>>> print(open('query31.pdb').read())   # PDB, C-alpha atoms
ATOM      1  CA  MET A   1     106.245 122.193  62.097  1.00  0.00           C
ATOM      2  CA  THR A   2     104.908 124.197  64.988  1.00  0.00           C
ATOM      3  CA  ALA A   3     107.522 125.347  67.486  1.00  0.00           C
ATOM      4  CA  PRO A   4     106.545 126.101  71.107  1.00  0.00           C
ATOM      5  CA  HIS A   5     106.967 129.847  70.560  1.00  0.00           C
ATOM      6  CA  GLN A   6     104.509 129.613  67.647  1.00  0.00           C
ATOM      7  CA  LEU A   7     101.979 127.970  69.963  1.00  0.00           C
ATOM      8  CA  GLN A   8     102.312 130.951  72.255  1.00  0.00           C
ATOM      9  CA  ALA A   9     101.978 133.419  69.373  1.00  0.00           C
ATOM     10  CA  ASN A  10      98.859 131.679  68.048  1.00  0.00           C
ATOM     11  CA  LYS A  11      97.008 131.082  71.299  1.00  0.00           C
ATOM     12  CA  GLU A  12      95.351 134.515  71.146  1.00  0.00           C
ATOM     13  CA  ALA A  13      93.870 133.544  67.770  1.00  0.00           C
ATOM     14  CA  LEU A  14      92.494 130.337  69.291  1.00  0.00           C
ATOM     15  CA  HIS A  15      91.065 132.176  72.294  1.00  0.00           C
ATOM     16  CA  SER A  16      89.161 134.568  70.050  1.00  0.00           C
ATOM     17  CA  LEU A  17      87.437 132.008  67.787  1.00  0.00           C
ATOM     18  CA  VAL A  18      83.675 132.325  67.403  1.00  0.00           C
ATOM     19  CA  GLY A  19      81.321 129.700  65.992  1.00  0.00           C
ATOM     20  CA  LYS A  20      77.621 129.655  65.227  1.00  0.00           C
ATOM     21  CA  HIS A  21      76.508 129.110  68.841  1.00  0.00           C
ATOM     22  CA  ILE A  22      79.660 129.211  70.965  1.00  0.00           C
ATOM     23  CA  ALA A  23      82.731 131.356  71.407  1.00  0.00           C
ATOM     24  CA  PHE A  24      86.103 130.757  73.029  1.00  0.00           C
ATOM     25  CA  LYS A  25      87.844 132.740  75.728  1.00  0.00           C
ATOM     26  CA  PRO A  26      91.176 132.269  77.493  1.00  0.00           C
ATOM     27  CA  MET A  27      91.354 130.335  80.743  1.00  0.00           C
ATOM     28  CA  ALA A  28      91.315 132.728  83.713  1.00  0.00           C
ATOM     29  CA  PRO A  29      91.405 132.281  87.505  1.00  0.00           C
ATOM     30  CA  THR A  30      87.953 133.877  87.700  1.00  0.00           C
ATOM     31  CA  ASP A  31      86.546 130.931  85.690  1.00  0.00           C
ATOM     32  CA  ALA A  32      87.178 128.466  88.535  1.00  0.00           C
ATOM     33  CA  LYS A  33      83.713 128.780  90.079  1.00  0.00           C
ATOM     34  CA  ALA A  34      81.959 127.991  86.769  1.00  0.00           C
ATOM     35  CA  ILE A  35      84.406 125.186  85.937  1.00  0.00           C
ATOM     36  CA  HIS A  36      83.794 123.671  89.366  1.00  0.00           C
ATOM     37  CA  GLN A  37      80.147 123.138  88.386  1.00  0.00           C
ATOM     38  CA  TYR A  38      81.187 120.430  85.907  1.00  0.00           C
ATOM     39  CA  ALA A  39      84.574 119.443  87.338  1.00  0.00           C
ATOM     40  CA  SER A  40      82.802 118.351  90.542  1.00  0.00           C
ATOM     41  CA  ASP A  41      80.148 116.304  88.700  1.00  0.00           C
ATOM     42  CA  PRO A  42      80.910 112.562  89.000  1.00  0.00           C
ATOM     43  CA  VAL A  43      78.949 111.803  85.808  1.00  0.00           C
ATOM     44  CA  VAL A  44      81.062 114.257  83.814  1.00  0.00           C
ATOM     45  CA  LYS A  45      84.285 113.037  85.443  1.00  0.00           C
ATOM     46  CA  ARG A  46      83.686 109.448  84.294  1.00  0.00           C
ATOM     47  CA  TYR A  47      84.585 110.368  80.712  1.00  0.00           C
ATOM     48  CA  ILE A  48      87.453 112.835  81.075  1.00  0.00           C
ATOM     49  CA  GLY A  49      91.013 112.640  82.330  1.00  0.00           C
ATOM     50  CA  TRP A  50      90.552 115.224  85.065  1.00  0.00           C
ATOM     51  CA  PRO A  51      90.426 114.269  88.732  1.00  0.00           C
ATOM     52  CA  LEU A  52      87.074 114.799  90.448  1.00  0.00           C
ATOM     53  CA  MET A  53      87.127 118.181  92.164  1.00  0.00           C
ATOM     54  CA  THR A  54      85.442 118.054  95.554  1.00  0.00           C
ATOM     55  CA  THR A  55      86.032 121.670  96.621  1.00  0.00           C
ATOM     56  CA  GLU A  56      86.236 124.991  94.827  1.00  0.00           C
ATOM     57  CA  ALA A  57      89.784 125.355  96.209  1.00  0.00           C
ATOM     58  CA  GLU A  58      90.787 122.174  94.326  1.00  0.00           C
ATOM     59  CA  THR A  59      89.294 123.568  91.136  1.00  0.00           C
ATOM     60  CA  GLU A  60      91.089 126.889  91.648  1.00  0.00           C
ATOM     61  CA  SER A  61      94.395 124.984  91.946  1.00  0.00           C
ATOM     62  CA  PHE A  62      93.609 122.957  88.827  1.00  0.00           C
ATOM     63  CA  VAL A  63      92.752 126.118  86.858  1.00  0.00           C
ATOM     64  CA  LYS A  64      96.095 127.585  87.923  1.00  0.00           C
ATOM     65  CA  LEU A  65      97.823 124.396  86.724  1.00  0.00           C
ATOM     66  CA  MET A  66      96.084 124.685  83.332  1.00  0.00           C
ATOM     67  CA  ILE A  67      97.116 128.341  83.008  1.00  0.00           C
ATOM     68  CA  ASP A  68     100.715 127.402  83.880  1.00  0.00           C
ATOM     69  CA  ARG A  69     100.716 124.569  81.321  1.00  0.00           C
ATOM     70  CA  GLU A  70      99.534 126.915  78.609  1.00  0.00           C
ATOM     71  CA  ALA A  71     102.172 129.484  79.580  1.00  0.00           C
ATOM     72  CA  ALA A  72     104.802 126.734  79.273  1.00  0.00           C
ATOM     73  CA  GLY A  73     103.590 125.921  75.753  1.00  0.00           C
ATOM     74  CA  THR A  74     102.650 122.289  76.428  1.00  0.00           C
ATOM     75  CA  HIS A  75      98.855 122.724  76.287  1.00  0.00           C
ATOM     76  CA  LEU A  76      96.353 125.062  74.665  1.00  0.00           C
ATOM     77  CA  TYR A  77      93.093 125.636  76.541  1.00  0.00           C
ATOM     78  CA  VAL A  78      89.884 127.426  75.670  1.00  0.00           C
ATOM     79  CA  ASN A  79      86.906 128.047  77.870  1.00  0.00           C
ATOM     80  CA  VAL A  80      83.572 127.951  76.081  1.00  0.00           C
ATOM     81  CA  ILE A  81      80.852 130.570  76.415  1.00  0.00           C
ATOM     82  CA  LEU A  82      77.617 131.053  74.519  1.00  0.00           C
ATOM     83  CA  ASN A  83      77.814 133.390  71.542  1.00  0.00           C
ATOM     84  CA  GLU A  84      75.514 136.063  72.914  1.00  0.00           C
ATOM     85  CA  GLN A  85      77.901 136.541  75.829  1.00  0.00           C
ATOM     86  CA  ALA A  86      80.732 137.258  73.391  1.00  0.00           C
ATOM     87  CA  ASP A  87      78.759 139.961  71.545  1.00  0.00           C
ATOM     88  CA  PRO A  88      81.016 143.072  71.490  1.00  0.00           C
ATOM     89  CA  GLU A  89      77.907 145.298  71.462  1.00  0.00           C
ATOM     90  CA  HIS A  90      76.636 143.694  74.671  1.00  0.00           C
ATOM     91  CA  PRO A  91      79.761 142.651  76.552  1.00  0.00           C
ATOM     92  CA  GLN A  92      79.501 140.824  79.849  1.00  0.00           C
ATOM     93  CA  SER A  93      82.293 141.262  82.352  1.00  0.00           C
ATOM     94  CA  HIS A  94      82.014 137.642  83.529  1.00  0.00           C
ATOM     95  CA  PRO A  95      80.460 135.419  80.850  1.00  0.00           C
ATOM     96  CA  THR A  96      79.391 131.977  82.079  1.00  0.00           C
ATOM     97  CA  VAL A  97      81.811 129.210  81.136  1.00  0.00           C
ATOM     98  CA  ILE A  98      79.922 126.093  79.982  1.00  0.00           C
ATOM     99  CA  GLY A  99      82.855 123.924  78.896  1.00  0.00           C
ATOM    100  CA  THR A 100      86.565 123.607  78.218  1.00  0.00           C
ATOM    101  CA  GLY A 101      88.540 122.494  75.165  1.00  0.00           C
ATOM    102  CA  ILE A 102      92.147 121.317  75.109  1.00  0.00           C
ATOM    103  CA  LEU A 103      94.888 120.664  72.569  1.00  0.00           C
ATOM    104  CA  PHE A 104      97.649 118.708  74.291  1.00  0.00           C
ATOM    105  CA  ASN A 105     100.341 116.066  73.765  1.00  0.00           C
ATOM    106  CA  ILE A 106     101.457 118.435  71.035  1.00  0.00           C
ATOM    107  CA  ASN A 107     104.245 116.731  69.082  1.00  0.00           C
ATOM    108  CA  THR A 108     105.860 119.289  66.795  1.00  0.00           C
ATOM    109  CA  GLU A 109     108.365 116.818  65.327  1.00  0.00           C
ATOM    110  CA  ASP A 110     105.689 114.446  64.020  1.00  0.00           C
ATOM    111  CA  SER A 111     103.085 117.221  63.673  1.00  0.00           C
ATOM    112  CA  HIS A 112     100.186 115.876  65.686  1.00  0.00           C
ATOM    113  CA  ALA A 113      98.225 116.645  68.862  1.00  0.00           C
ATOM    114  CA  GLU A 114      95.437 115.264  71.004  1.00  0.00           C
ATOM    115  CA  ILE A 115      92.096 117.017  71.402  1.00  0.00           C
ATOM    116  CA  GLY A 116      89.899 116.903  74.480  1.00  0.00           C
ATOM    117  CA  TYR A 117      86.747 118.632  75.660  1.00  0.00           C
ATOM    118  CA  VAL A 118      84.299 118.716  78.519  1.00  0.00           C
ATOM    119  CA  PHE A 119      80.927 120.408  79.008  1.00  0.00           C
ATOM    120  CA  HIS A 120      78.557 121.028  81.876  1.00  0.00           C
ATOM    121  CA  GLN A 121      75.803 118.379  81.734  1.00  0.00           C
ATOM    122  CA  ALA A 122      73.150 121.069  81.190  1.00  0.00           C
ATOM    123  CA  HIS A 123      74.769 121.785  77.806  1.00  0.00           C
ATOM    124  CA  TRP A 124      75.075 118.225  76.515  1.00  0.00           C
ATOM    125  CA  GLY A 125      73.195 117.270  73.354  1.00  0.00           C
ATOM    126  CA  LYS A 126      72.990 120.804  71.938  1.00  0.00           C
ATOM    127  CA  GLY A 127      75.678 120.533  69.282  1.00  0.00           C
ATOM    128  CA  TYR A 128      78.241 122.580  71.201  1.00  0.00           C
ATOM    129  CA  GLY A 129      80.756 119.719  71.371  1.00  0.00           C
ATOM    130  CA  SER A 130      80.638 119.226  67.614  1.00  0.00           C
ATOM    131  CA  GLU A 131      81.120 122.950  67.081  1.00  0.00           C
ATOM    132  CA  LEU A 132      84.087 123.018  69.474  1.00  0.00           C
ATOM    133  CA  VAL A 133      85.765 120.089  67.712  1.00  0.00           C
ATOM    134  CA  ALA A 134      85.243 121.764  64.321  1.00  0.00           C
ATOM    135  CA  LEU A 135      86.745 125.062  65.484  1.00  0.00           C
ATOM    136  CA  MET A 136      89.719 123.498  67.257  1.00  0.00           C
ATOM    137  CA  THR A 137      90.479 121.029  64.460  1.00  0.00           C
ATOM    138  CA  ASP A 138      90.407 123.797  61.858  1.00  0.00           C
ATOM    139  CA  PHE A 139      92.736 125.880  64.046  1.00  0.00           C
ATOM    140  CA  ALA A 140      95.139 122.960  64.543  1.00  0.00           C
ATOM    141  CA  PHE A 141      95.317 122.224  60.823  1.00  0.00           C
ATOM    142  CA  ASN A 142      95.233 125.700  59.324  1.00  0.00           C
ATOM    143  CA  THR A 143      96.921 127.864  61.955  1.00  0.00           C
ATOM    144  CA  LEU A 144      99.290 125.436  63.671  1.00  0.00           C
ATOM    145  CA  SER A 145      99.851 123.434  60.441  1.00  0.00           C
ATOM    146  CA  LEU A 146      99.544 120.123  62.286  1.00  0.00           C
ATOM    147  CA  HIS A 147      99.119 116.973  60.206  1.00  0.00           C
ATOM    148  CA  ARG A 148      96.971 114.808  62.498  1.00  0.00           C
ATOM    149  CA  ILE A 149      94.606 115.330  65.425  1.00  0.00           C
ATOM    150  CA  TYR A 150      93.424 112.434  67.552  1.00  0.00           C
ATOM    151  CA  ALA A 151      91.270 111.724  70.585  1.00  0.00           C
ATOM    152  CA  HIS A 152      90.963 108.978  73.181  1.00  0.00           C
ATOM    153  CA  VAL A 153      87.356 108.138  74.047  1.00  0.00           C
ATOM    154  CA  VAL A 154      85.939 105.782  76.686  1.00  0.00           C
ATOM    155  CA  ASP A 155      84.033 103.065  74.796  1.00  0.00           C
ATOM    156  CA  VAL A 156      80.734 103.757  76.586  1.00  0.00           C
ATOM    157  CA  ASN A 157      80.915 107.451  75.709  1.00  0.00           C
ATOM    158  CA  GLN A 158      79.223 107.005  72.335  1.00  0.00           C
ATOM    159  CA  ALA A 159      78.053 110.641  72.316  1.00  0.00           C
ATOM    160  CA  SER A 160      81.668 111.822  72.250  1.00  0.00           C
ATOM    161  CA  LYS A 161      82.507 109.312  69.521  1.00  0.00           C
ATOM    162  CA  ARG A 162      79.619 110.662  67.414  1.00  0.00           C
ATOM    163  CA  ILE A 163      80.815 114.249  67.928  1.00  0.00           C
ATOM    164  CA  LEU A 164      84.204 113.359  66.491  1.00  0.00           C
ATOM    165  CA  GLU A 165      82.792 111.295  63.635  1.00  0.00           C
ATOM    166  CA  LYS A 166      80.571 114.211  62.594  1.00  0.00           C
ATOM    167  CA  GLN A 167      83.758 116.228  62.120  1.00  0.00           C
ATOM    168  CA  GLY A 168      85.462 113.618  59.951  1.00  0.00           C
ATOM    169  CA  TYR A 169      87.353 111.672  62.606  1.00  0.00           C
ATOM    170  CA  HIS A 170      87.615 107.918  62.083  1.00  0.00           C
ATOM    171  CA  GLN A 171      88.208 105.139  64.574  1.00  0.00           C
ATOM    172  CA  GLU A 172      91.803 104.027  64.138  1.00  0.00           C
ATOM    173  CA  GLY A 173      92.108 101.540  66.954  1.00  0.00           C
ATOM    174  CA  GLN A 174      90.942 100.257  70.307  1.00  0.00           C
ATOM    175  CA  MET A 175      92.901  99.572  73.492  1.00  0.00           C
ATOM    176  CA  LYS A 176      91.409  96.815  75.617  1.00  0.00           C
ATOM    177  CA  ASP A 177      90.587  97.555  79.285  1.00  0.00           C
ATOM    178  CA  HIS A 178      92.478 100.857  79.163  1.00  0.00           C
ATOM    179  CA  TYR A 179      90.292 102.691  81.703  1.00  0.00           C
ATOM    180  CA  ASN A 180      89.156 101.571  85.139  1.00  0.00           C
ATOM    181  CA  ILE A 181      86.036 103.582  85.940  1.00  0.00           C
ATOM    182  CA  ASP A 182      84.309 102.917  89.252  1.00  0.00           C
ATOM    183  CA  GLY A 183      85.839  99.436  89.386  1.00  0.00           C
ATOM    184  CA  THR A 184      84.880  98.447  85.835  1.00  0.00           C
ATOM    185  CA  TYR A 185      87.334  98.235  82.945  1.00  0.00           C
ATOM    186  CA  HIS A 186      86.508  99.982  79.675  1.00  0.00           C
ATOM    187  CA  ASP A 187      88.211 100.050  76.298  1.00  0.00           C
ATOM    188  CA  CYS A 188      89.767 103.187  74.862  1.00  0.00           C
ATOM    189  CA  LEU A 189      88.677 104.113  71.348  1.00  0.00           C
ATOM    190  CA  ILE A 190      91.275 106.006  69.307  1.00  0.00           C
ATOM    191  CA  LEU A 191      89.803 108.379  66.737  1.00  0.00           C
ATOM    192  CA  GLY A 192      91.875 110.508  64.410  1.00  0.00           C
ATOM    193  CA  LYS A 193      91.743 112.917  61.512  1.00  0.00           C
ATOM    194  CA  VAL A 194      94.536 113.705  59.053  1.00  0.00           C
ATOM    195  CA  ASN A 195      94.871 117.051  57.316  1.00  0.00           C
TER     196      ASN A 195
END
>>> encode(input="query31.pdb", output="C-alpha cells")
Amino acid sequence: MTAPHQLQANKEALHSLVGKHIAFKPMAPTDAKAIHQYASDPVVKRYIGWPLMTTEAETESFVKLMIDREAAGTHLYVNVILNEQADPEHPQSHPTVIGTGILFNINTEDSHAEIGYVFHQAHWGKGYGSELVALMTDFAFNTLSLHRIYAHVVDVNQASKRILEKQGYHQEGQMKDHYNIDGTYHDCLILGKVN
C-alpha cells in the first residue's frame, strides 16, 4: 500500500518523467498564465471537473489550490511540456505548459486512484493524451504499487475514451445522467485498468 508520505517522496519521480514527445514538470505558480489558456476555454471545460476560469486571478487561485492539495498528499499533479523544452542541453527558464495530468481520489487501503488530464485545444489529436496516460499509469502501478487506476469520462467525449482504451483501460460501467453540461444530461463512462 502507498502511504501519504510515500506519495510525497515519489512525486519528484513523477514530475521528472519524460516520454517520446512530452515531459512532465511540477505545478508552479508561474504556470498560471499558460494554464489559463485552456482553463478559460468553455469547450475544454465541458469535459473536465474544473470550474471555468474567467480571469487570470481565478486561475492563479486554482493553481495555488492544486499546489496545496499536492503538498497535503491528496493529489499528484503534473504539468505537461513538449520534450524539446525539457532538453537539459537547451533548457528554457519558462517552458510552455500545454496540459495537466492528475492522480487523485487516492485510496491507499484499497490501492486504487483516479486519473484525469486536460490539454489546450491546440494540442488535441497529437497523441499527447495517450502518452500522458501511459506514463502516469506506469508510475501508479510500478512506483506507487497501486492495484487499479480508473477514470470518469463524459459519454460524448469519445476521444478521451479512445485515449484510455489505447492504454489498456476497459469500460467497467456507466452512470446514467451523471453530468449536466450546459443544461443537457450526459452519462458518465467508468473506465479502469488493473495491474
>>> closest_atom_pairs(input="query31.pdb", of="range 25-111 of chain A", to="range 178-183 of chain A", cutoff="12 Å", atoms="only C-alpha atoms", output="Markdown table")
| residue | atom | partner | partner_atom | distance |
| --- | --- | --- | --- | --- |
| A:Pro42 | CA | A:Asp182 | CA | 10.2 |
| A:Val43 | CA | A:Ile181 | CA | 10.9 |
| A:Val44 | CA | A:Ile181 | CA | 12.0 |
| A:Lys45 | CA | A:Ile181 | CA | 9.6 |
| A:Arg46 | CA | A:Ile181 | CA | 6.5 |
| A:Tyr47 | CA | A:Ile181 | CA | 8.7 |
| A:Ile48 | CA | A:Ile181 | CA | 10.5 |
| A:Gly49 | CA | A:Tyr179 | CA | 10.0 |
| A:Pro51 | CA | A:Ile181 | CA | 11.9 |
>>> resolve_selection(input="query31.pdb", expression="the PyMOL selection byres ((chain A and resi 171) around 6)", output="tab-separated table (two decimals) with C-alpha atoms, in the frame of the given file")
chain	number	residue	atom	x	y	z
A	170	HIS	CA	87.62	107.92	62.08
A	172	GLU	CA	91.80	104.03	64.14
A	173	GLY	CA	92.11	101.54	66.95
A	190	ILE	CA	91.28	106.01	69.31
A	191	LEU	CA	89.80	108.38	66.74
>>> atom_distance(input="query31.pdb", atom1="CA of Gly19 in chain A", atom2="CA of Arg162 in chain A")
19.2 Å
>>> closest_residue(input="query31.pdb", among="A:Ala140, A:Cys188, A:Leu52, A:Ile149", to="His112 in chain A", atoms="all atoms listed in the file")
A:Ile149
>>> closest_residue(input="query31.pdb", among="A:His75, A:Arg69, A:Lys64, A:Lys126", to="Ile22 in chain A", atoms="all atoms listed in the file")
A:Lys126
>>> residues_near_point(input="query31.pdb", point="(83.7, 108.8, 68.5)", cutoff="12 Å", atoms="all atoms listed in the file", output="PDB file with C-alpha atoms, in the frame of the given file")
ATOM      1  CA  GLY A 116      89.899 116.903  74.480  1.00  0.00           C
ATOM      2  CA  GLY A 129      80.756 119.719  71.371  1.00  0.00           C
ATOM      3  CA  SER A 130      80.638 119.226  67.614  1.00  0.00           C
ATOM      4  CA  VAL A 133      85.765 120.089  67.712  1.00  0.00           C
ATOM      5  CA  TYR A 150      93.424 112.434  67.552  1.00  0.00           C
ATOM      6  CA  ALA A 151      91.270 111.724  70.585  1.00  0.00           C
ATOM      7  CA  HIS A 152      90.963 108.978  73.181  1.00  0.00           C
ATOM      8  CA  VAL A 153      87.356 108.138  74.047  1.00  0.00           C
ATOM      9  CA  VAL A 154      85.939 105.782  76.686  1.00  0.00           C
ATOM     10  CA  ASP A 155      84.033 103.065  74.796  1.00  0.00           C
ATOM     11  CA  VAL A 156      80.734 103.757  76.586  1.00  0.00           C
ATOM     12  CA  ASN A 157      80.915 107.451  75.709  1.00  0.00           C
ATOM     13  CA  GLN A 158      79.223 107.005  72.335  1.00  0.00           C
ATOM     14  CA  ALA A 159      78.053 110.641  72.316  1.00  0.00           C
ATOM     15  CA  SER A 160      81.668 111.822  72.250  1.00  0.00           C
ATOM     16  CA  LYS A 161      82.507 109.312  69.521  1.00  0.00           C
ATOM     17  CA  ARG A 162      79.619 110.662  67.414  1.00  0.00           C
ATOM     18  CA  ILE A 163      80.815 114.249  67.928  1.00  0.00           C
ATOM     19  CA  LEU A 164      84.204 113.359  66.491  1.00  0.00           C
ATOM     20  CA  GLU A 165      82.792 111.295  63.635  1.00  0.00           C
ATOM     21  CA  LYS A 166      80.571 114.211  62.594  1.00  0.00           C
ATOM     22  CA  GLN A 167      83.758 116.228  62.120  1.00  0.00           C
ATOM     23  CA  GLY A 168      85.462 113.618  59.951  1.00  0.00           C
ATOM     24  CA  TYR A 169      87.353 111.672  62.606  1.00  0.00           C
ATOM     25  CA  HIS A 170      87.615 107.918  62.083  1.00  0.00           C
ATOM     26  CA  GLN A 171      88.208 105.139  64.574  1.00  0.00           C
ATOM     27  CA  GLU A 172      91.803 104.027  64.138  1.00  0.00           C
ATOM     28  CA  GLY A 173      92.108 101.540  66.954  1.00  0.00           C
ATOM     29  CA  GLN A 174      90.942 100.257  70.307  1.00  0.00           C
ATOM     30  CA  CYS A 188      89.767 103.187  74.862  1.00  0.00           C
ATOM     31  CA  LEU A 189      88.677 104.113  71.348  1.00  0.00           C
ATOM     32  CA  ILE A 190      91.275 106.006  69.307  1.00  0.00           C
ATOM     33  CA  LEU A 191      89.803 108.379  66.737  1.00  0.00           C
ATOM     34  CA  GLY A 192      91.875 110.508  64.410  1.00  0.00           C
ATOM     35  CA  LYS A 193      91.743 112.917  61.512  1.00  0.00           C
TER      36      LYS A 193
END
>>> atom_distance(input="query31.pdb", atom1="CA of Pro26 in chain A", atom2="CA of Ala13 in chain A")
10.2 Å
>>> resolve_selection(input="query31.pdb", expression="the PyMOL selection byres ((chain A and resi 23) around 12)", output="PyMOL selection string")
chain A and resi 13-22+24-26+78-88+95-101+128-129+131-132+135-136
>>> write_last_selection(input="query31.pdb", atoms="C-alpha atoms", output="mmCIF file, in the coordinates of the input")
data_model
loop_
_atom_site.group_PDB
_atom_site.id
_atom_site.type_symbol
_atom_site.label_atom_id
_atom_site.label_comp_id
_atom_site.auth_asym_id
_atom_site.auth_seq_id
_atom_site.Cartn_x
_atom_site.Cartn_y
_atom_site.Cartn_z
ATOM 1 C CA ALA A 13 93.870 133.544 67.770
ATOM 2 C CA LEU A 14 92.494 130.337 69.291
ATOM 3 C CA HIS A 15 91.065 132.176 72.294
ATOM 4 C CA SER A 16 89.161 134.568 70.050
ATOM 5 C CA LEU A 17 87.437 132.008 67.787
ATOM 6 C CA VAL A 18 83.675 132.325 67.403
ATOM 7 C CA GLY A 19 81.321 129.700 65.992
ATOM 8 C CA LYS A 20 77.621 129.655 65.227
ATOM 9 C CA HIS A 21 76.508 129.110 68.841
ATOM 10 C CA ILE A 22 79.660 129.211 70.965
ATOM 11 C CA PHE A 24 86.103 130.757 73.029
ATOM 12 C CA LYS A 25 87.844 132.740 75.728
ATOM 13 C CA PRO A 26 91.176 132.269 77.493
ATOM 14 C CA VAL A 78 89.884 127.426 75.670
ATOM 15 C CA ASN A 79 86.906 128.047 77.870
ATOM 16 C CA VAL A 80 83.572 127.951 76.081
ATOM 17 C CA ILE A 81 80.852 130.570 76.415
ATOM 18 C CA LEU A 82 77.617 131.053 74.519
ATOM 19 C CA ASN A 83 77.814 133.390 71.542
ATOM 20 C CA GLU A 84 75.514 136.063 72.914
ATOM 21 C CA GLN A 85 77.901 136.541 75.829
ATOM 22 C CA ALA A 86 80.732 137.258 73.391
ATOM 23 C CA ASP A 87 78.759 139.961 71.545
ATOM 24 C CA PRO A 88 81.016 143.072 71.490
ATOM 25 C CA PRO A 95 80.460 135.419 80.850
ATOM 26 C CA THR A 96 79.391 131.977 82.079
ATOM 27 C CA VAL A 97 81.811 129.210 81.136
ATOM 28 C CA ILE A 98 79.922 126.093 79.982
ATOM 29 C CA GLY A 99 82.855 123.924 78.896
ATOM 30 C CA THR A 100 86.565 123.607 78.218
ATOM 31 C CA GLY A 101 88.540 122.494 75.165
ATOM 32 C CA TYR A 128 78.241 122.580 71.201
ATOM 33 C CA GLY A 129 80.756 119.719 71.371
ATOM 34 C CA GLU A 131 81.120 122.950 67.081
ATOM 35 C CA LEU A 132 84.087 123.018 69.474
ATOM 36 C CA LEU A 135 86.745 125.062 65.484
ATOM 37 C CA MET A 136 89.719 123.498 67.257
#
>>> residues_around(input="query31.pdb", residues="Asp31 in chain A", least_positions_apart="3", cutoff="8 Å", atoms="all atoms listed in the file", output="ChimeraX atom specification")
/A:27-28,34-35,63,97
>>> write_last_selection(input="query31.pdb", atoms="C-alpha atoms", output="mmCIF file, in the coordinates of the input")
data_model
loop_
_atom_site.group_PDB
_atom_site.id
_atom_site.type_symbol
_atom_site.label_atom_id
_atom_site.label_comp_id
_atom_site.auth_asym_id
_atom_site.auth_seq_id
_atom_site.Cartn_x
_atom_site.Cartn_y
_atom_site.Cartn_z
ATOM 1 C CA MET A 27 91.354 130.335 80.743
ATOM 2 C CA ALA A 28 91.315 132.728 83.713
ATOM 3 C CA ALA A 34 81.959 127.991 86.769
ATOM 4 C CA ILE A 35 84.406 125.186 85.937
ATOM 5 C CA VAL A 63 92.752 126.118 86.858
ATOM 6 C CA VAL A 97 81.811 129.210 81.136
#
>>> atom_distance(input="query31.pdb", atom1="CA of Ile102 in chain A", atom2="CA of Tyr185 in chain A")
24.8 Å
>>> resolve_selection(input="query31.pdb", expression="the PyMOL selection byres ((chain A and resi 53-60) around 6)", output="list in words")
Ala32, His36, Ala39, Ser40, Leu52, Ser61, Phe62 and Val63 of chain A
>>> axis_aligned_box(input="query31.pdb", around="range 21-40 of chain A", padding_each_side="8 Å", output="AutoDock Vina command-line options")
--center_x 84.0 --center_y 126.1 --center_z 79.7 --size_x 30.9 --size_y 31.5 --size_z 37.7
